[in-house]
Each structure stands twice: as structure tokens, then as C-alpha cells.
Amino acid sequence: MRILPRPRTAAAEASRLRFRRQLIPYLFLLPYLTFFVLFRLGPALAGMGISFTKWSIVGAPEWVGLSNYEAMTRDPRLSAAVTNTLFFTGLTVPLLVVLGLALAMLMNQPHRGRALGRVAVFTPYVLMSTVVGVIWTWLLEKDFGLINVYLSQLGFEKVPWLVDQSTAMYGIVLTTVWWTVGYNMVLFLAGLQDIPTELYEAARIDGANAWQLFRRITLPLLAPTTFLVLMLTIINSFQVFDQVYVMTSGGPGTATLTLVQYIYTTAFQFRKMGYGAAIACLLFAILIIFALVQTRAYRRGVRGVAA
Amino acid sequence: MKKLFWRILLASMLVLPLGGLTLAQDDVVTIEFWGGWTGPDGDIMADLVNQWNEENPGIQVNLTIQQWSPLFDAFVVSASAGESPDILAMHPQEMPQFVELGLLTPLDDVIEGLEAINPDNYPASAWNANIYQGALYGIPLDLHMHGLYYNLDIFEEAGIEAPPATGEELLEIGRMLTIDENGLHPGDDGFDPDNVVQYAINMHTNHHAFFQWWSLYNQLGGQLISEDGTECVMDLDKAAEAWQFLQDLVYVHHIAPQGQTDYATDFLSGRTAMLIDGPWRMPALEAAEEESGFRWASARYPQVFDEQYAVWGSSHIFTLPALADPDKQDEALMFLEWLAANSAAWAESGQLPAFRAVMESEEFQSMYGREAFIEMMPYEVLFPNTPKYSEIFASNAPTPMMVMAQNIMLEQADPRTEVEAACEAITSILATP
């Protein structure tokens with residue numbers, strides 16, 4: 001008797017198809033995942049490993065256990081870098097979010113010059129960080145810089161900006177806001193345009209004023225966008241590097257030294273890869289904590305709105 | 001973070017194709033030559049390399065140029081992958097860290113019997129800077145040190161005949177050439193230091209202020225690092241005295257701006273009458289002369305303190321990386337010999353050729369503006385050779401030198417306190433293995 005191949009049952013066929021269907025999205029993800037694992041996850045894990053070693057890039061890393069982390073506790077430069085980074089983030093994040101939203105609402109109104117306004121606010125964002133840094137170094141120059149020239153013509157005193165420890169960070173913040181606020185504006189604009197206009201019309205018929213429209217419709221419905229903007233802005237602010245490096249290189253003294261510059265300097269200029277990696281892990285930990293707190297706050301917020 | 005990642009990727013991308021190139025052609029030896037000349041000097045070096053390549057079809061030199069700091073990143077990253085260029089240019093002060101990493105070849109035996117590359121053909125100050133722990137690691141290409149440039153129109157208008165040669169003259173001429181918006185000079189009744197329209201001099205009063213300090217501190221005969229390289233031996237009084245002079249230029253005499261960042265532009269546009277800068281500035285001054293009739297001249301760095309004459313300086317050198325292909329070393333040396341003898345063109349970059357025959361040639365000596373720099377050659381003092389160079393001296397990182405410079409020159413901090421703090425920091429850096 002010949003054994004015939006078992007006919008495929010309908011059920012088996014269905015499960016095969018289901019498996020294939022489940023596989024397809026992963027195939028689409030594969031190119032990204034490959035890059036992510038090779039160039040992001042891999043190096044990140046390797047970095048954590050390196051943070052337990054003493055390594056100058058050349059030669060073999062030498063295992064030193066937790067001594068890099070111990071050294072972090074008595075490094076005045078590091079505490080300066082942490083303080084400066086927190087100060088910068090604390091200042092830029094509210095400015096960038098509130099100003100981004102305000103600009104988006106302004107540019108969402110039907111008025112003349114709207115398109116031009118959007119372009120004008122967004123354009124700085126496409127500039128390279130070095131270009132931005134150089135332009136603003138000139139603008140903020142103490143004696144002959146444009147901003148101080150205008151200030152003194154208006155009767156104000158000249159601000160030393162980048163050459164004084166008490167004002168340097170404000171110069172950086174000003175530059176950063178000018179440079180990146182357009183990006184947040186565009187994100188908010190997209191969010192605003194997703195809000196159905198009927199809601200506003202209905203509310204207006206019910207007699208709601210502008211503030212109520214904003215408070216009861218715009219803000220709640222914009223919450224996912226706001227969350228995204230807030231997260232991106234916080235992460236980017238913590239990782240501030242380019243413009244600071246170009247404008248002050250962390251000076252005067254250590255007044256604008258930030259975490260990422262300190263990591264770069266330690267690992268690549270001073271070739272202390274282990275210590276640099278340890279500081280990078282610290283930054284990673286700070287960011288994770290922020291992300292967790294925020295996600296939790298967001299979930300609670302969404303539930304609050306839904307209820 | 002993103003930036004670091006790109007840097008590494010870029011560095012590795014740069015290295016990979018270079019390794020492949022040499023295998024492609026059998027009969028032609030390709031010499032990989034890396035340098036960090038990103039200004040007009042880079043074009044001149046490229047021209048020289050092209051000239052060699054035309055004359056020597058069997059030995060082709062492949063010149064790679066990018067800024068010094070990423071260049072060294074690429075060098076170290078490629079070395080960790082076991083590869084290196086055949087020739088790497090750098091400054092003497094950068095050399096010890098690579099020697100400590102075992103990345104450079106000692107040259108004493110290598111250059112034996114060579115015709116051009118021979119200590120007799122170079123000034124001692126240029127040659128000896130390449131000796132670290134008793135061994136030679138670099139071959140000098142040029143010298144450069146700070147000098148004084150001045151605007152001839154401004155000087156003539158003010159009736160000043162000669163540039164300042166001493167500290168006192170600097171202060172005197174400085175007062176005459178500093179003008180506020182009401183036309184008053186420092187020391188006049190009602191002079192407004194907050195609204196100065198023309199400053200007398202810019203002396204790199206920001207990140208790089210410690211280069212100025214180095215000149216003055218050495219004029220006082222100061223030392224920085226002990227012979228054995230283990231501790232800071234700064235003479236605190238002399239160190240503070242040198243800083244005090246610089247700080248007073250800004251805050252007491254008001255003849256130099258606070259923390260100027262674009263000193264070259266300020267000089268070219270007539271906002272400062274004098275500029276302290278290196279010979280590399282001359283091509284830009286020559287270009288301005290041609291384009292807009294800007295009239296300039298150069299002079300020796302002023303002798304502020306009488307003990308001895310000294311001025312900060314450095315040099316460009318060639319090194320032979322230890323991981324380069326040993327079979328190509330002879331060809332690399334042939335190219336360097338040729339380059340030394342043909343470095344006259346290099347002088348157009350403003351740099352002062354270290355090769356004696358070129359340096360003493362009529363052609364070079366008669367180039368405009370070079371005289372003062374040639375005169376200063378024997379007096380240049382380099383930063384000390386230490387493998388911790390970048391940790392102590394990097395001007396774009398929170399190093400003891402940079403922090404000390406900015407605290408004193410921007411924040412008006414007490415020089416004595418700052419030099420003490422810097423010296424302690426330097427000792428602790430030197431003590432860390």
C-alpha cells in the first residue's frame with residue numbers, strides 16, 4: 001500500500017498562513033532592527049561593559065571593576081557637568097515646549113503671512129549646529145556683537161554673554177531655543193490639525209470662550225503630541241553638545257560644560273574610554289528615570305482625561 | 001552620543017578603503033600620508049604631493065587631510081584595528097601620548113645615513129622637540145611661534161613709528177591706540193571702557209590665553225613640569241606675575257578686549273590695531289592686502305620681562321607610525337627627504353621651514369613679514385613633552401590650563417589662587433597612571 005502524503009487540512013493551512021502573516025511585519029522591521037542592534041543596542045551594551053574597564057582604545061581593556069564609578073563620586077568636573085546639564089534642561093525644556101506650542105497656535109490661525117511665518121520659524125532648524133554656533137558666537141560677542149550693539153543703542157548695559165560664567169549658559173539657551181523651537185512648532189502644528197474643527201464649533205455654540213476652548217479641547221486632545229514633544233525635548237536637552245562645543249567648549253572655566261561634552265572629552269580627547277563610558281551610563285540612567293516618570297505621568301493624565 | 005557614534009563610524013570608514021588601496025596595484029607602492037592642515041596650507045601640501053607623484057610614478061603618495069583632533073581619533077581607531085598610515089603629521093607636544101601607546105616608531109636608527117634628514121640640517125630648537133625619553137620620534141617640517149602684527153594705517157595716523165618691543169612700550173602705545181566712542185583714550189578723564197570702538201591689541205584673551213601666559217612665564221624663566229614628568233613645579237610667584245600683566249591689559253589698562261573670539265576679523269576690519277598670532281595668519285593678511293589694500297607689518301613678540309627672551313612656539317613634524325607596513329618605510333623616507341629639500345613652497349603657508357637650506361635661502365628670507373619670525377626661531381619655547389598633554393593643555397576641554405586662563409582673563413579671578421589650583425590639578429593628572 002502506498003502511503004499518500006497526508007492532505008493538508010484546512011486548519012493546518014490556516015495556521016501556516018497566520019504564521020506567515022505574523023512574520024511579514026517582522027520582515028519589514030528587519031532592516032531597521034539589524035541597524036538598531038548593530039549600531040545602537042550593540043554599542044550601548046558594549047559601552048556598559050567598557051565602563052568596568054580601563055582602556056585607551058589601543059590595546060586590550062583592563063578590568064577595573066567599579067573603580068570608574070567610584071571615581072565619579074569625587075570628580076568636581078563631573079558634578080559641574082551634571083549641574084550645568086540639569087540647569088540647561090530645566091531652562092530650555094519649558095521654553096521650547098511653551099514657545100513651540102504658542103508659535104504653532106499662532107501659525108495655525110488663518111492669517112496672511114502664515115506660510116512665511118512657519119518657514120521663518122522652522123528654517124533655523126535645518127542649519128548645521130556648527131553654523132548656528134558660529135553665527136551666535138558673533139551675535140553674542142561682547143564688544144562688537146550685534147545683540148550688544150542693539151542693547152546699548154536701546155540704552156541697556158552690554159551683557160558679557162559667552163565670556164562670563166554667570167551669563168554664558170543663557171547665551172547657549174537663547175541660541176538653542178532659536179535653533180530648535182521650529183521643530184517643536186511643526187510637531188504641535190501637526191497635532192493641532194488633527195483636532196476636528198467640529199469640536200470647536202460645537203463648544204462655541206455652547207458659549208465657550210477662547211480660554212475654555214484651549215483648556216478643554218486643545219490641551220487634552222493635544223496631550224499625545226505634547227508628551228512626544230516633551231520627551232524629545234528633554235532627551236535632546238540632556239544630550240546637548242554641538243552648539244556648546246562650538247560656542248564655548250564648556251567655558252568660561254566649566255560654566256557650560258555639559259555631560260555629553262565631558263563624555264566626549266574624557267573618552268576621545270583624554271582617551272579614557274572606561275571612565276567616559278561610565279559617565280555615559282550615568283546619563284543613560286538619568287534619561288531612563290525621566291522617561292519612566294513621564295510615561296507614568298502621561299498614563300495617569302490620559303486616564304484622567306478619559307474619565 | 002549620536003555624534004560620538006558618527007565619529008567612530010566615520011573614522012572606520014576612512015580607514016577601511018585606505019587599507020584596500022595598496023593591494024590594488026602590485027608594482028606601485030602607495031604611501032598613506034595623513035595631516036591636519038585644513039587651511040590654505042593644506043592646498044600647498046596637496047600641491048607638493050602632486051608634484052612628487054608626477055615625478056615618481058612608482059611611489060604614489062596618498063594625502064588625507066582632516067582637522068587634527070578627528071585625525072588623531074581616526075589614527076587611534078585604525079591603530080586599534082591594527083592599521084596605520086605610513087606617515088602621520090602632528091605637533092611635538094602630541095607625540096608623547098602616542099609613544100606611550102606604542103604607536104610611533106623610534107627614528108634614530110631609521111634615519112641613519114640619510115642625506116637631508118639629519119640633525120645638522122635643522123635648528124636645534126626644532127630638532128630637539130622631537131626627542132622623548134631619549135629617542136627621536138619626529139622629523140620637523142616647520143616652526144611657528146607667536147609674533148606681533150600691526151595695522152600700518154592706524155600706526156601712521158597716530159604718528160607711532162615703531163611697534164612695541166617691551167611691556168612698557170606696549171602699555172604706552174596701547175593707550176594711544178585704544179579709543180572709546182567719544183574719542184577718549186584710557187587714562188583720559190571720562191574714558192568709557194564699556195564703549196570702546198578701537199582696541200590697541202588682541203592677545204587671545206579667551207581659551208587660548210594660556211599661550212600668552214606661556215610666553216611671559218618663560219620670559220621670567222619659569223618651569224612647569226618636573227624633569228621626571230611626575231609633578232607640577234610651577235614657580236607660583238612668577239606664574240601669577242605673568243598672568244597679572246595679561247589680566248591688567250584688559251581690566252586695568254583697558255587696551256585689550258575681554259574674551260574676544262574672532263580676533264583675526266577684528267584685526268582685519270581695523271577694530272584692533274595689533275594682533276598677536278602665528279605666522280599661519282600671513283596668507284590671510286596677504287589676501288586682504290591684495291583685495292582691499294590692508295596694510296600690515298610684523299614684529300617680534302614683545303619682551304615684557306627682562307630675565308630672558310622667550311615666546312610660545314611649536315612645529316609640524318612627521319612621524320612614522322609603528323603599525324605601518326615596514327616594507328614601505330624606505331619609500332616613505334624617500335618622500336620625506338624630497339619634501340624637506342623642496343619645502344620652499346611650504347613657506348607660502350606662512351609656516352617657517354625648519355630645513356636649514358630652505359630657511360636660509362634668499363627666496364624665503366626676502367618674503368614679506370617673515371623677518372621677525374625668523375629672528376624669533378631660536379627663542380621659541382614649546383609646551384613640555386608629556387603624554388598627558390591633552391589632559392593638561394587642550395583648549396577646548398575643561399583642562400587646568402583652560403580653566404585657569406578663563407577664570408583669570410574672563411572672571412578677573414585672583415591669579416595667585418588660580419595658578420595654585422592649576423598646579424595642584426596638573427600634579428594630580430600626572431600622578432594618575
# chains A, B, ... in the order shown; residues from 1 in each chain; ligands from 1

call {"tool": "interface_residues", "arguments": {"of": "chain A", "to": "chain B", "cutoff": "7 Å", "atoms": "only C-alpha atoms", "output": "ChimeraX atom specification"}}
result
/A:57-59,163-164,249-250,252-254,260,265,268-270

call {"tool": "select_by_dssp", "arguments": {"residues": "stretch 54-118 of chain B", "states": "strand (DSSP E)", "output": "PyMOL selection string"}}
result
chain B and resi 59-65+87-90

call {"tool": "closest_residue", "arguments": {"among": "A:Ala81, A:Met247, A:Ile24, A:Ala203", "to": "A:Glu141", "atoms": "only C-alpha atoms"}}
result
A:Met247

call {"tool": "select_by_dssp", "arguments": {"residues": "stretch 120-194 of chain B", "states": "helix (DSSP H, G or I)", "output": "list in words"}}
result
Asp120, Asn121, Ala124, Ser125, Ala126, Trp127, Asn128, Leu152, Asp153, Ile154, Phe155, Glu156, Glu157, Gly167, Glu168, Glu169, Leu170, Leu171, Glu172, Ile173, Gly174, Arg175, Met176 and Leu177 of chain B

call {"tool": "write_last_selection", "arguments": {"atoms": "C-alpha atoms", "output": "PDB file, in the first residue's frame"}}
result
ATOM      1  CA  ASP B 120      72.868  69.148  11.119  1.00  0.00           C
ATOM      2  CA  ASN B 121      70.269  70.404   8.658  1.00  0.00           C
ATOM      3  CA  ALA B 124      68.366  72.629  17.430  1.00  0.00           C
ATOM      4  CA  SER B 125      65.095  74.040  18.801  1.00  0.00           C
ATOM      5  CA  ALA B 126      63.145  72.346  16.006  1.00  0.00           C
ATOM      6  CA  TRP B 127      65.023  69.057  16.144  1.00  0.00           C
ATOM      7  CA  ASN B 128      65.204  68.533  19.915  1.00  0.00           C
ATOM      8  CA  LEU B 152      50.256 100.314   9.363  1.00  0.00           C
ATOM      9  CA  ASP B 153      47.441 102.781   8.605  1.00  0.00           C
ATOM     10  CA  ILE B 154      46.423 103.049  12.246  1.00  0.00           C
ATOM     11  CA  PHE B 155      50.041 103.381  13.368  1.00  0.00           C
ATOM     12  CA  GLU B 156      50.810 106.102  10.833  1.00  0.00           C
ATOM     13  CA  GLU B 157      47.663 108.013  11.618  1.00  0.00           C
ATOM     14  CA  GLY B 167      55.916  95.648  28.027  1.00  0.00           C
ATOM     15  CA  GLU B 168      56.160  99.354  28.849  1.00  0.00           C
ATOM     16  CA  GLU B 169      56.017 100.327  25.196  1.00  0.00           C
ATOM     17  CA  LEU B 170      53.077  98.027  24.771  1.00  0.00           C
ATOM     18  CA  LEU B 171      51.175  99.849  27.517  1.00  0.00           C
ATOM     19  CA  GLU B 172      52.139 103.282  26.214  1.00  0.00           C
ATOM     20  CA  ILE B 173      51.283 102.586  22.583  1.00  0.00           C
ATOM     21  CA  GLY B 174      48.284 100.612  23.771  1.00  0.00           C
ATOM     22  CA  ARG B 175      46.801 103.658  25.481  1.00  0.00           C
ATOM     23  CA  MET B 176      47.320 105.786  22.361  1.00  0.00           C
ATOM     24  CA  LEU B 177      45.606 103.263  20.122  1.00  0.00           C
TER      25      LEU B 177
END

call {"tool": "closest_residue", "arguments": {"among": "B:Ile111, B:Pro96, B:Thr427, B:Glu348", "to": "B:Gly134", "atoms": "only C-alpha atoms"}}
result
B:Pro96

call {"tool": "atom_distance", "arguments": {"atom1": "atom CA of A:Leu146", "atom2": "atom CA of A:Trp161"}}
result
12.1 Å

call {"tool": "closest_residue", "arguments": {"among": "B:Tyr150, B:Trp68, B:Phe294, B:Tyr379", "to": "B:Ile201", "atoms": "only C-alpha atoms"}}
result
B:Tyr150

call {"tool": "residues_around", "arguments": {"residues": "A:Leu116", "least_positions_apart": "5", "cutoff": "10 Å", "atoms": "only C-alpha atoms", "output": "MDAnalysis selection string"}}
result
chainID A and resid 107 121:122

call {"tool": "closest_residue", "arguments": {"among": "A:Arg18, A:Arg216, A:Arg40, A:Lys272", "to": "A:Leu199", "atoms": "only C-alpha atoms"}}
result
A:Arg216

call {"tool": "residues_around", "arguments": {"residues": "A:Leu221", "least_positions_apart": "6", "cutoff": "12 Å", "atoms": "only C-alpha atoms", "output": "ChimeraX atom specification"}}
result
/A:188,191-197,199-200,213-215,227,301-302,305-306

call {"tool": "residues_around", "arguments": {"residues": "B:Ile31", "least_positions_apart": "2", "cutoff": "7 Å", "atoms": "only C-alpha atoms", "output": "PDB file with N, CA and C atoms, in the first residue's frame"}}
result
ATOM      1  N   VAL B  29      54.080  51.419  -5.263  1.00  0.00           N
ATOM      2  CA  VAL B  29      53.976  51.496  -3.810  1.00  0.00           C
ATOM      3  C   VAL B  29      53.158  52.735  -3.462  1.00  0.00           C
ATOM      4  N   PHE B  33      49.561  59.092   3.724  1.00  0.00           N
ATOM      5  CA  PHE B  33      50.127  60.244   4.407  1.00  0.00           C
ATOM      6  C   PHE B  33      48.973  61.064   4.974  1.00  0.00           C
ATOM      7  N   GLN B  60      53.549  56.351  -5.148  1.00  0.00           N
ATOM      8  CA  GLN B  60      52.461  57.314  -5.115  1.00  0.00           C
ATOM      9  C   GLN B  60      52.088  57.634  -3.667  1.00  0.00           C
ATOM     10  N   VAL B  61      52.009  58.928  -3.362  1.00  0.00           N
ATOM     11  CA  VAL B  61      51.637  59.346  -2.010  1.00  0.00           C
ATOM     12  C   VAL B  61      50.168  59.732  -2.019  1.00  0.00           C
ATOM     13  N   ASN B  62      49.445  59.177  -1.076  1.00  0.00           N
ATOM     14  CA  ASN B  62      48.025  59.469  -0.972  1.00  0.00           C
ATOM     15  C   ASN B  62      47.800  60.327   0.272  1.00  0.00           C
ATOM     16  N   ASP B  86      51.269  55.460   6.673  1.00  0.00           N
ATOM     17  CA  ASP B  86      52.726  55.308   6.656  1.00  0.00           C
ATOM     18  C   ASP B  86      53.428  56.524   7.230  1.00  0.00           C
ATOM     19  N   ALA B 332      58.636  55.759   2.163  1.00  0.00           N
ATOM     20  CA  ALA B 332      58.125  56.886   2.943  1.00  0.00           C
ATOM     21  C   ALA B 332      59.258  57.857   3.262  1.00  0.00           C
TER      22      ALA B 332
END

call {"tool": "atom_distance", "arguments": {"atom1": "atom CA of A:Gly42", "atom2": "atom CA of A:Leu287"}}
result
18.5 Å

call {"tool": "residues_around", "arguments": {"residues": "B:Phe191", "least_positions_apart": "6", "cutoff": "7 Å", "atoms": "only C-alpha atoms", "output": "list in words"}}
result
Asp180, Leu184 and His185 of chain B

call {"tool": "write_last_selection", "arguments": {"atoms": "C-alpha atoms", "output": "PDB file, in the first residue's frame"}}
result
ATOM      1  CA  ASP B 180      36.202 104.980  23.109  1.00  0.00           C
ATOM      2  CA  LEU B 184      38.980 109.397  24.527  1.00  0.00           C
ATOM      3  CA  HIS B 185      41.897 107.144  25.466  1.00  0.00           C
TER       4      HIS B 185
END

call {"tool": "decode", "arguments": {"residues": "stretch 104-122 of chain B", "atoms": "C-alpha atoms", "output": "short mmCIF file (atom, residue, chain, number, x, y, z; two decimals), in the first residue's frame"}}
result
data_model
loop_
_atom_site.label_atom_id
_atom_site.label_comp_id
_atom_site.auth_asym_id
_atom_site.auth_seq_id
_atom_site.Cartn_x
_atom_site.Cartn_y
_atom_site.Cartn_z
CA LEU B 104 55.17 55.50 16.85
CA THR B 105 58.49 54.21 15.52
CA PRO B 106 61.72 55.49 17.15
CA LEU B 107 63.64 57.10 14.31
CA ASP B 108 67.27 57.22 15.48
CA ASP B 109 68.27 54.06 13.58
CA VAL B 110 65.85 54.68 10.74
CA ILE B 111 67.32 58.00 9.67
CA GLU B 112 70.93 56.89 9.94
CA GLY B 113 72.77 57.67 6.71
CA LEU B 114 70.04 59.87 5.30
CA GLU B 115 71.19 62.94 3.47
CA ALA B 116 68.62 65.62 4.12
CA ILE B 117 67.03 64.33 7.31
CA ASN B 118 69.96 64.87 9.60
CA PRO B 119 70.24 66.95 12.78
CA ASP B 120 72.87 69.15 11.12
CA ASN B 121 70.27 70.40 8.66
CA TYR B 122 67.82 71.65 11.28
#
